[in-house]
Structure formats: C-alpha cells, structure tokens
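For reference, entry03.csv is printed below; it contains CSV, C-alpha atoms and all ligand atoms.
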chain,number,residue,atom,x,y,z
A,624,MET,CA,-13.2,-37.4,38.3
A,625,ARG,CA,-16.4,-37.6,36.4
A,626,LEU,CA,-17.1,-34.7,34.1
A,627,GLY,CA,-20.3,-33.8,35.8
A,628,THR,CA,-18.4,-33.3,39.1
A,629,LEU,CA,-15.7,-31.3,37.3
A,630,LEU,CA,-18.3,-29.0,35.7
A,631,LEU,CA,-19.9,-28.5,39.1
A,632,LEU,CA,-16.6,-27.6,40.7
A,633,THR,CA,-16.0,-25.2,37.8
A,634,PHE,CA,-19.4,-23.6,38.5
A,635,TYR,CA,-18.4,-23.2,42.1
A,636,GLY,CA,-15.6,-20.9,41.3
A,637,PHE,CA,-12.6,-23.0,40.3
A,638,THR,CA,-10.7,-21.6,37.3
A,639,ALA,CA,-11.5,-23.6,34.2
A,640,GLY,CA,-8.3,-24.7,32.4
A,641,ALA,CA,-8.1,-24.9,28.6
A,642,GLN,CA,-9.2,-28.5,28.6
A,643,GLN,CA,-12.4,-27.6,30.5
A,644,ALA,CA,-12.9,-24.7,28.2
A,645,ALA,CA,-12.9,-27.0,25.2
A,646,VAL,CA,-15.6,-29.1,27.0
A,647,MET,CA,-17.6,-25.9,27.7
A,648,ASP,CA,-17.6,-25.2,23.9
A,649,VAL,CA,-19.4,-28.5,23.4
A,650,LEU,CA,-21.7,-28.0,26.4
A,651,ASN,CA,-22.8,-24.6,25.1
A,652,ALA,CA,-23.3,-25.9,21.5
A,653,THR,CA,-25.2,-29.0,22.7
A,654,ALA,CA,-27.4,-27.0,25.0
A,655,TRP,CA,-28.3,-24.7,22.1
A,656,VAL,CA,-29.2,-27.5,19.7
A,657,GLN,CA,-31.1,-29.5,22.3
A,658,THR,CA,-33.0,-26.8,24.1
A,659,SER,CA,-33.3,-23.6,22.0
A,660,VAL,CA,-36.3,-22.7,19.9
A,661,GLU,CA,-33.8,-20.9,17.7
A,662,TYR,CA,-32.3,-24.2,16.6
A,663,ARG,CA,-35.7,-25.8,16.0
A,664,ALA,CA,-36.8,-22.7,13.9
A,665,SER,CA,-33.5,-23.0,11.9
A,666,ALA,CA,-34.2,-26.6,11.1
A,667,LEU,CA,-37.9,-25.9,10.2
A,668,GLN,CA,-36.7,-23.0,8.0
A,669,ALA,CA,-34.2,-25.1,6.2
A,670,TYR,CA,-36.7,-27.8,5.3
A,671,ARG,CA,-39.4,-25.4,4.4
A,672,SER,CA,-37.1,-23.7,1.9
A,673,ALA,CA,-36.5,-27.1,0.4
A,674,GLY,CA,-40.2,-27.8,0.2
A,675,GLN,CA,-40.7,-24.5,-1.7
A,676,SER,CA,-38.1,-25.5,-4.3
A,677,LEU,CA,-39.5,-29.0,-4.8
A,678,PRO,CA,-42.0,-28.3,-7.6
A,679,LYS,CA,-39.3,-26.5,-9.6
A,680,ALA,CA,-36.7,-29.1,-8.9
A,681,LEU,CA,-39.1,-31.8,-10.2
A,682,LYS,CA,-40.2,-29.9,-13.3
A,683,ASP,CA,-36.8,-28.6,-14.5
A,684,ARG,CA,-35.1,-31.7,-15.9
A,685,ASN,CA,-31.8,-29.8,-16.1
A,686,TRP,CA,-31.8,-29.2,-12.3
A,687,THR,CA,-29.3,-31.1,-10.3
A,688,ALA,CA,-27.7,-30.6,-6.9
A,689,ALA,CA,-24.8,-33.0,-7.2
A,690,LEU,CA,-21.5,-31.8,-8.6
A,691,GLU,CA,-20.9,-35.5,-9.4
A,692,GLN,CA,-23.9,-35.5,-11.8
A,693,THR,CA,-22.4,-35.8,-15.3
A,694,GLY,CA,-23.6,-37.0,-18.7
A,695,LYS,CA,-27.2,-37.1,-19.7
A,696,PHE,CA,-29.5,-37.0,-16.7
A,697,ARG,CA,-32.7,-35.4,-17.9
A,698,LYS,CA,-34.6,-38.7,-18.1
A,699,LEU,CA,-33.3,-40.2,-14.8
A,700,PRO,CA,-35.7,-40.6,-11.9
A,701,PRO,CA,-35.4,-37.9,-9.2
A,702,ALA,CA,-33.6,-38.6,-5.9
A,703,ILE,CA,-32.7,-36.7,-2.8
A,704,ILE,CA,-29.5,-37.4,-0.9
A,705,VAL,CA,-29.6,-36.7,2.8
A,706,ASP,CA,-27.0,-37.1,5.5
A,707,VAL,CA,-28.2,-38.9,8.7
A,708,ASP,CA,-26.6,-37.5,11.8
A,709,GLU,CA,-27.7,-34.0,12.7
A,710,THR,CA,-29.5,-33.7,9.3
A,711,VAL,CA,-32.4,-36.1,9.7
A,712,LEU,CA,-31.7,-37.7,13.1
A,713,ASP,CA,-31.0,-35.7,16.3
A,714,ASN,CA,-28.2,-37.2,18.3
A,715,THR,CA,-28.0,-34.5,21.0
A,716,PRO,CA,-28.7,-37.2,23.7
A,717,GLY,CA,-25.5,-39.0,22.5
A,718,GLN,CA,-23.7,-35.7,22.6
A,719,ALA,CA,-25.0,-35.1,26.2
A,720,ARG,CA,-23.6,-38.6,27.2
A,721,PHE,CA,-20.2,-37.6,25.9
A,722,LEU,CA,-20.4,-34.7,28.4
A,723,LEU,CA,-22.0,-36.5,31.3
A,724,GLU,CA,-20.5,-39.9,31.1
A,725,GLY,CA,-17.2,-39.3,29.2
A,726,ASN,CA,-14.7,-36.6,28.9
A,727,GLY,CA,-16.8,-34.4,26.6
A,728,ARG,CA,-15.2,-35.5,23.4
A,729,TYR,CA,-16.4,-38.1,20.9
A,730,ASP,CA,-16.3,-41.6,22.5
A,731,ARG,CA,-16.9,-44.6,20.2
A,732,ASN,CA,-18.3,-46.9,22.8
A,733,ILE,CA,-20.8,-44.3,24.0
A,734,TRP,CA,-21.7,-43.5,20.4
A,735,MET,CA,-22.3,-47.1,19.4
A,736,SER,CA,-24.4,-47.8,22.4
A,737,TRP,CA,-26.5,-44.7,21.6
A,738,THR,CA,-27.1,-45.6,18.0
A,739,GLU,CA,-27.9,-49.2,18.9
A,740,GLU,CA,-30.8,-47.9,21.1
A,741,LYS,CA,-32.5,-46.6,18.0
A,742,ARG,CA,-34.0,-43.7,20.0
A,743,ALA,CA,-32.8,-40.7,18.0
A,744,LYS,CA,-35.7,-38.3,17.2
A,745,ALA,CA,-36.2,-36.7,13.7
A,746,VAL,CA,-34.8,-33.3,13.1
A,747,PRO,CA,-37.7,-30.8,12.9
A,748,GLY,CA,-39.2,-30.5,9.4
A,749,ALA,CA,-37.2,-33.4,7.9
A,750,VAL,CA,-40.0,-36.0,7.9
A,751,LYS,CA,-42.5,-33.7,6.3
A,752,PHE,CA,-40.2,-32.6,3.5
A,753,LEU,CA,-38.9,-36.0,2.6
A,754,SER,CA,-42.4,-37.7,2.9
A,755,ASP,CA,-43.8,-35.0,0.5
A,756,ALA,CA,-41.0,-35.6,-1.9
A,757,ALA,CA,-41.4,-39.4,-1.7
A,758,ALA,CA,-45.1,-39.1,-2.3
A,759,ARG,CA,-44.2,-37.3,-5.6
A,760,GLY,CA,-42.0,-40.2,-6.7
A,761,VAL,CA,-38.6,-39.1,-5.3
A,762,THR,CA,-36.3,-41.7,-3.9
A,763,VAL,CA,-34.6,-40.7,-0.7
A,764,PHE,CA,-31.0,-41.9,-0.1
A,765,TYR,CA,-29.4,-41.8,3.3
A,766,VAL,CA,-25.7,-41.3,2.8
A,767,THR,CA,-24.0,-41.5,6.2
A,768,ASN,CA,-20.6,-42.1,7.7
A,769,ARG,CA,-22.2,-44.5,10.2
A,770,VAL,CA,-20.6,-47.9,9.6
A,771,PRO,CA,-22.2,-51.2,8.4
A,772,GLN,CA,-22.3,-52.4,12.0
A,773,GLU,CA,-24.9,-49.7,12.6
A,774,ALA,CA,-27.0,-50.4,9.5
A,775,ALA,CA,-29.9,-52.4,11.1
A,776,ALA,CA,-30.4,-50.0,14.0
A,777,THR,CA,-30.1,-47.0,11.7
A,778,GLU,CA,-32.8,-48.4,9.3
A,779,ALA,CA,-35.1,-49.2,12.2
A,780,ASN,CA,-34.6,-45.8,13.8
A,781,LEU,CA,-35.3,-44.0,10.5
A,782,LYS,CA,-38.4,-46.1,9.9
A,783,ALA,CA,-39.7,-45.6,13.4
A,784,GLU,CA,-39.5,-41.8,13.0
A,785,GLY,CA,-41.5,-42.0,9.8
A,786,PHE,CA,-38.9,-41.4,7.2
A,787,PRO,CA,-39.5,-42.7,3.7
A,788,TRP,CA,-37.8,-45.9,2.9
A,789,LYS,CA,-37.6,-47.6,-0.5
A,790,GLY,CA,-36.6,-51.2,-0.2
A,791,ALA,CA,-34.7,-51.6,-3.5
A,792,ALA,CA,-32.7,-48.9,-5.3
A,793,ALA,CA,-31.7,-48.9,-9.0
A,794,GLY,CA,-28.3,-49.7,-10.5
A,795,GLY,CA,-27.0,-52.2,-8.0
A,796,LEU,CA,-27.0,-49.7,-5.2
A,797,GLY,CA,-28.8,-52.2,-3.0
A,798,ASP,CA,-30.9,-50.3,-0.5
A,799,VAL,CA,-31.2,-46.6,0.2
A,800,LEU,CA,-28.8,-46.5,3.2
A,801,LEU,CA,-25.3,-46.0,1.9
A,802,LEU,CA,-22.8,-46.4,4.7
A,803,ALA,CA,-19.1,-45.7,5.0
A,804,GLY,CA,-17.0,-48.7,4.2
A,805,GLU,CA,-19.9,-50.7,2.7
A,806,LYS,CA,-17.9,-50.9,-0.5
A,807,PRO,CA,-14.1,-50.4,-0.7
A,808,GLU,CA,-14.5,-47.1,-2.6
A,809,TRP,CA,-17.1,-45.8,-0.2
A,810,THR,CA,-14.7,-44.0,2.1
A,811,SER,CA,-15.7,-41.3,4.6
A,812,ASP,CA,-15.5,-38.8,1.7
A,813,LYS,CA,-19.0,-39.1,0.3
A,814,SER,CA,-18.2,-38.1,-3.3
A,815,ALA,CA,-18.1,-41.8,-4.5
A,816,ARG,CA,-21.5,-42.5,-3.0
A,817,ARG,CA,-23.0,-39.3,-4.5
A,818,ALA,CA,-21.5,-40.3,-7.9
A,819,ALA,CA,-23.0,-43.8,-7.5
A,820,VAL,CA,-26.5,-42.3,-6.9
A,821,ALA,CA,-26.1,-39.7,-9.7
A,822,ALA,CA,-25.3,-42.5,-12.2
A,823,HIS,CA,-28.9,-43.7,-11.9
A,824,TYR,CA,-30.9,-40.8,-10.6
A,825,ARG,CA,-31.2,-37.1,-11.0
A,826,VAL,CA,-30.1,-35.7,-7.6
A,827,ILE,CA,-32.4,-32.8,-6.9
A,828,PHE,CA,-31.3,-31.9,-3.4
A,829,LEU,CA,-28.4,-32.5,-1.0
A,830,CYS,CA,-29.2,-32.1,2.7
A,831,GLY,CA,-26.5,-32.0,5.3
A,832,ASP,CA,-25.0,-30.4,8.4
A,833,ASP,CA,-21.4,-30.5,7.2
A,834,LEU,CA,-19.8,-29.1,4.1
A,835,ASN,CA,-18.6,-32.6,3.2
A,836,ASP,CA,-22.3,-33.5,2.6
A,837,PHE,CA,-22.1,-31.2,-0.4
A,838,PHE,CA,-18.5,-31.6,-1.8
A,839,SER,CA,-15.1,-32.8,-0.6
A,840,ALA,CA,-14.3,-30.2,2.0
A,841,CYS,CA,-11.4,-31.5,4.0
A,842,LEU,CA,-9.6,-28.3,3.1
A,843,LYS,CA,-8.1,-25.3,4.8
A,844,PRO,CA,-10.8,-22.8,6.0
A,845,ALA,CA,-10.1,-20.3,3.2
A,846,GLU,CA,-10.3,-23.0,0.5
A,847,ARG,CA,-13.6,-24.2,2.0
A,848,THR,CA,-15.0,-20.7,1.8
A,849,ALA,CA,-13.8,-20.2,-1.8
A,850,LYS,CA,-15.2,-23.5,-3.1
A,851,ALA,CA,-18.5,-23.0,-1.4
A,852,ALA,CA,-18.7,-19.5,-2.9
A,853,GLU,CA,-18.7,-21.0,-6.4
A,854,HIS,CA,-22.3,-22.3,-5.7
A,855,GLU,CA,-23.5,-19.7,-3.3
A,856,THR,CA,-26.9,-19.4,-4.9
A,857,TRP,CA,-27.6,-23.1,-4.3
A,858,TRP,CA,-27.9,-22.7,-0.5
A,859,GLY,CA,-31.5,-22.9,0.6
A,860,GLU,CA,-32.5,-23.9,-2.9
A,861,ARG,CA,-30.9,-27.2,-3.8
A,862,TRP,CA,-28.3,-27.4,-1.1
A,863,ILE,CA,-30.1,-27.5,2.3
A,864,ILE,CA,-27.9,-27.1,5.3
A,865,LEU,CA,-28.7,-27.6,9.0
A,866,PRO,CA,-26.8,-25.8,11.8
A,867,ASN,CA,-24.4,-27.9,13.8
A,868,PRO,CA,-22.2,-26.0,16.2
A,869,MET,CA,-21.3,-29.2,18.2
A,870,TYR,CA,-18.9,-30.9,15.8
A,871,GLY,CA,-18.0,-31.1,12.2
A,872,SER,CA,-15.3,-30.3,9.6
A,873,TRP,CA,-15.8,-26.6,10.2
A,874,GLU,CA,-14.1,-27.1,13.6
A,875,ASP,CA,-11.6,-29.7,12.4
A,876,ALA,CA,-10.4,-27.3,9.7
A,877,LEU,CA,-9.3,-24.8,12.4
A,878,PHE,CA,-6.7,-27.3,13.7
A,879,ASP,CA,-5.7,-29.0,10.4
A,880,TYR,CA,-7.9,-32.1,11.0
A,881,ASP,CA,-5.5,-33.3,13.8
A,882,ARG,CA,-7.9,-34.9,16.3
A,883,LYS,CA,-5.1,-36.0,18.5
A,884,LEU,CA,-4.3,-32.4,19.7
A,885,SER,CA,-5.0,-31.6,23.3
A,886,GLY,CA,-7.9,-29.4,24.3
A,887,ALA,CA,-5.5,-26.7,25.2
A,888,VAL,CA,-3.9,-26.6,21.8
A,889,VAL,CA,-7.4,-26.7,20.1
A,890,GLN,CA,-8.4,-23.7,22.2
A,891,GLU,CA,-5.3,-21.8,21.2
A,892,LYS,CA,-5.9,-22.5,17.5
A,893,LYS,CA,-9.5,-21.4,17.8
A,894,LEU,CA,-8.5,-18.2,19.5
A,895,LYS,CA,-5.9,-17.6,16.8
A,896,ALA,CA,-8.6,-18.0,14.1
A,897,LEU,CA,-10.7,-15.2,15.5
A,898,ARG,CA,-10.8,-11.9,13.7
A,899,ARG,CA,-11.0,-8.6,15.5
A,900,GLU,CA,-12.0,-6.6,12.5
B,1001,MG,MG,-24.1,-35.1,9.8

Show me, as structure tokens, the structure contained in the file I just sent.
Ligand SMILES: [Mg+2]
Amino acid sequence: MRLGTLLLLTFYGFTAGAQQAAVMDVLNATAWVQTSVEYRASALQAYRSAGQSLPKALKDRNWTAALEQTGKFRKLPPAIIVDVDETVLDNTPGQARFLLEGNGRYDRNIWMSWTEEKRAKAVPGAVKFLSDAAARGVTVFYVTNRVPQEAAATEANLKAEGFPWKGAAAGGLGDVLLLAGEKPEWTSDKSARRAAVAAHYRVIFLCGDDLNDFFSACLKPAERTAKAAEHETWWGERWIILPNPMYGSWEDALFDYDRKLSGAVVQEKKLKALRRE
C-alpha cells in the first residue's frame, strides 16, 4: 500500500500503529519546515545574527569558531564553513517524496534522484549573509556529507541559487566543496575537514542544522548537552544553527544511533525520553 493511501485511511478513522506514528512525526516536522512562517523567520533570524557578528569576527584576529583551529591563526585569511543540507539548501521536497513515494523514512534512491535534479531552493537568509561575507574577502566552504557522486549537481545547485563560489582554495584543499569520502580521512565525522580548512584559514563562523556541524556529537544525549554547554555563548554569535525537526543526530541519539530499529521501537524510545517534570 502506498503511504499516501495509508495516511488517508488513517485520517478516515483507522487507528495508527506505532509504525505510522513514526511516519506522522516526519510528516509534522516536514510540514512545519516547508510551510510555516515560523520556520522561515527562524532561518532569517539565524543568518541575521550571523551578519551582525560579521564585522567583529573580521576585525578580531583572535576570533575563531572552529575547535579544530590550533596554532597561530591571526594572519590567516578568513573563511566560513557551512553545512549544505537544511543549512543552505532546503530539501523539504525530497523529504516530502520520502513520505509520498516511499515509506516515510530516508530512501537513498529517492534522495539521489532529488539531488540530481539540482532544484533545492536556498534556505532563507543564507545567500545574503554568505554573499555579504564573500564580498568582504571571506571564503565560503561547503562541508557536507553528500558524496562525490553528488558533487557536480551540488555545485550547480548552489551556484544557481546564487551562493558564493571560489574556484580554488588554498592549501591543496582543491575546491570549496568538501564531501564525505572525498579523501580517506574525510569520514562522515566532519572534524578532519574542519581541521583541513583551519590549517589554512581562520574559521570565523560554523553554520549547520546538526550538532555534528560544530563538533563530533555522536554521543549520548546528556553528553551532547554537556559538551555544547562548554561553548554556550557561541550560539548566534559564531555558531549559527538552523532548526531541523525532520531528521538529525538529535533524533538518532535517542535510540543509540541504531537506524535498523523498527518504527515501533523508535517510538517507544522517544516516549521513554520524555520528561514529565
Ligand atoms: Mg545538514
């Protein structure tokens, strides 16, 4: 049965099981990101905050946003590291296809065909902030867990949406699109790629929708909270985060990063994670 039909039946009074409830989580989250003014305002607010910090970030040579930034970096040229998906490109149509054409969960074939179309729109506020920064001499790096197979389409999509693009980056980095698996040490953990940029640039902002866009965060929920608290004053100032209730390590952390679990078990673990006081 196609998911659309299943959802309709549910709406007509059938009791939704736990599997469907898991799907409804994604439906609600996707509807919020794709349709609400509240989401749009959150994104604009995030990038506006970043823009307000930009002059200070450029002027203060001791300013860095990367925990991987070590050694002498005062004289290095400035750079910004942004994630791609749900940070600068909006993939809610892909998310909608998971719901309408698949079983609601991530589906690699649906995803690859979506990114290949190069039709993702820019996240509100992102183009203006990054273009303003680029106009002031900042190099923008796109550090994404998209894979090399998606490189050409991703570059074309970013350029079509008006994002700044510097053809050649310093220090043997190649271009400004740093994909997962492009080099053996470039795993899905982005630390090595942040370190590679930080070796040649002063990283003045990190922008992302997932804690892993800021530091290695595949940790238990309490550990994530504790580690983030060490740099709490950085949010909205040099760490710019976009809301993503649809997917991410926040959710995976609730079920120990075991993506093979059934929807029913995931629901159970989420319910157990809720506090009543
Ligand atoms: Mg992302």

Of the listed residues A:Pro716, A:Gly797, A:Pro747, A:Gly640, that which approaches Leu667 in chain A most closely, counting all atoms listed in the file: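 Answer, going by the shortest atom-to-atom distance: A:Pro747.
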
At most 9 Å is the cut-off: for each residue in range 701-798 of chain A with any atom that close to an atom of range 644-659 of chain A, write down the nearest atom pair and the distance in Å rounded to one decimal, counting all atoms listed in the file, chain first then increasing number, as a Markdown table.
| residue | atom | partner | partner_atom | distance |
| --- | --- | --- | --- | --- |
| A:Asp713 | CA | A:Gln657 | CA | 8.6 |
| A:Thr715 | CA | A:Gln657 | CA | 6.0 |
| A:Pro716 | CA | A:Gln657 | CA | 8.2 |
| A:Gln718 | CA | A:Thr653 | CA | 6.9 |
| A:Ala719 | CA | A:Thr653 | CA | 7.0 |
| A:Leu722 | CA | A:Leu650 | CA | 7.1 |
| A:Asn726 | CA | A:Val646 | CA | 7.8 |
| A:Gly727 | CA | A:Val646 | CA | 5.4 |
| A:Arg728 | CA | A:Val646 | CA | 7.4 |

Counting all atoms listed in the file, the residue of A:His854, A:Arg697, A:Arg769, A:Arg882 that sits nearest ligand MG 1001 (chain B):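 Closest to ligand MG 1001 (chain B) of all the choices is A:Arg769.
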
Residue nearest ligand MG 1001 (chain B) - candidates A:Leu834, A:Ile703, A:Leu877, A:Leu842, atoms counted: only C-alpha atoms and all ligand atoms: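 Answer, going by the shortest atom-to-atom distance: A:Leu834.
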
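Counting only C-alpha atoms and comparing A:Ala669, A:Ala791, A:Gly831, A:Leu699, the residue that lies closest to Leu712 in chain A is A:Gly831.
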
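Nearest-residue note for Leu690 in chain A: choosing from A:Glu661, A:Asp881, A:Glu773, A:Asp836, the minimum distance belongs to A:Asp836, counting only C-alpha atoms.
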
Interatomic distance (Å, one decimal) between CA of Glu846 in chain A and CA of Glu860 in chain A: 22.5 Å

Counting all atoms listed in the file, which residues of chain A sit at most 8 Å from some atom of ligand MG 1001 (chain B), and what is each one's closest atom pair with its distance in Å to one decimal, listed by chain and rising residue number, as a tab-separated table?
residue	atom	partner	partner_atom	distance
A:Asp706	CA	B:MG1001	MG	5.6
A:Val707	CA	B:MG1001	MG	5.7
A:Asp708	CA	B:MG1001	MG	4.0
A:Glu709	CA	B:MG1001	MG	4.8
A:Thr710	CA	B:MG1001	MG	5.6
A:Thr767	CA	B:MG1001	MG	7.3
A:Gly831	CA	B:MG1001	MG	6.0
A:Asp832	CA	B:MG1001	MG	5.0
A:Asp833	CA	B:MG1001	MG	5.9
A:Asp836	CA	B:MG1001	MG	7.6
A:Gly871	CA	B:MG1001	MG	7.7

Separation of CA of Phe721 in chain A from CA of Gln642 in chain A, in Å and rounded to one decimal: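 It comes out at 14.5 Å.
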
Surrounding residues of Val705 in chain A excluding itself and chain neighbours under 6 positions, 9 Å, only C-alpha atoms, as a PyMOL selection string: chain A and resi 711+763-767+828-831+836

Spatial neighbours of range 809-824 of chain A, 10 Å, all atoms listed in the file, chain gap at least 5 places, as a PyMOL selection string: chain A and resi 687-704+706+761-762+764+766-770+792-796+799+801-804+829+835-841

Of the listed residues A:Val746, A:Ala783, A:Ala845, A:Ala887, that which approaches Ala664 in chain A most closely, counting only C-alpha atoms: A:Val746
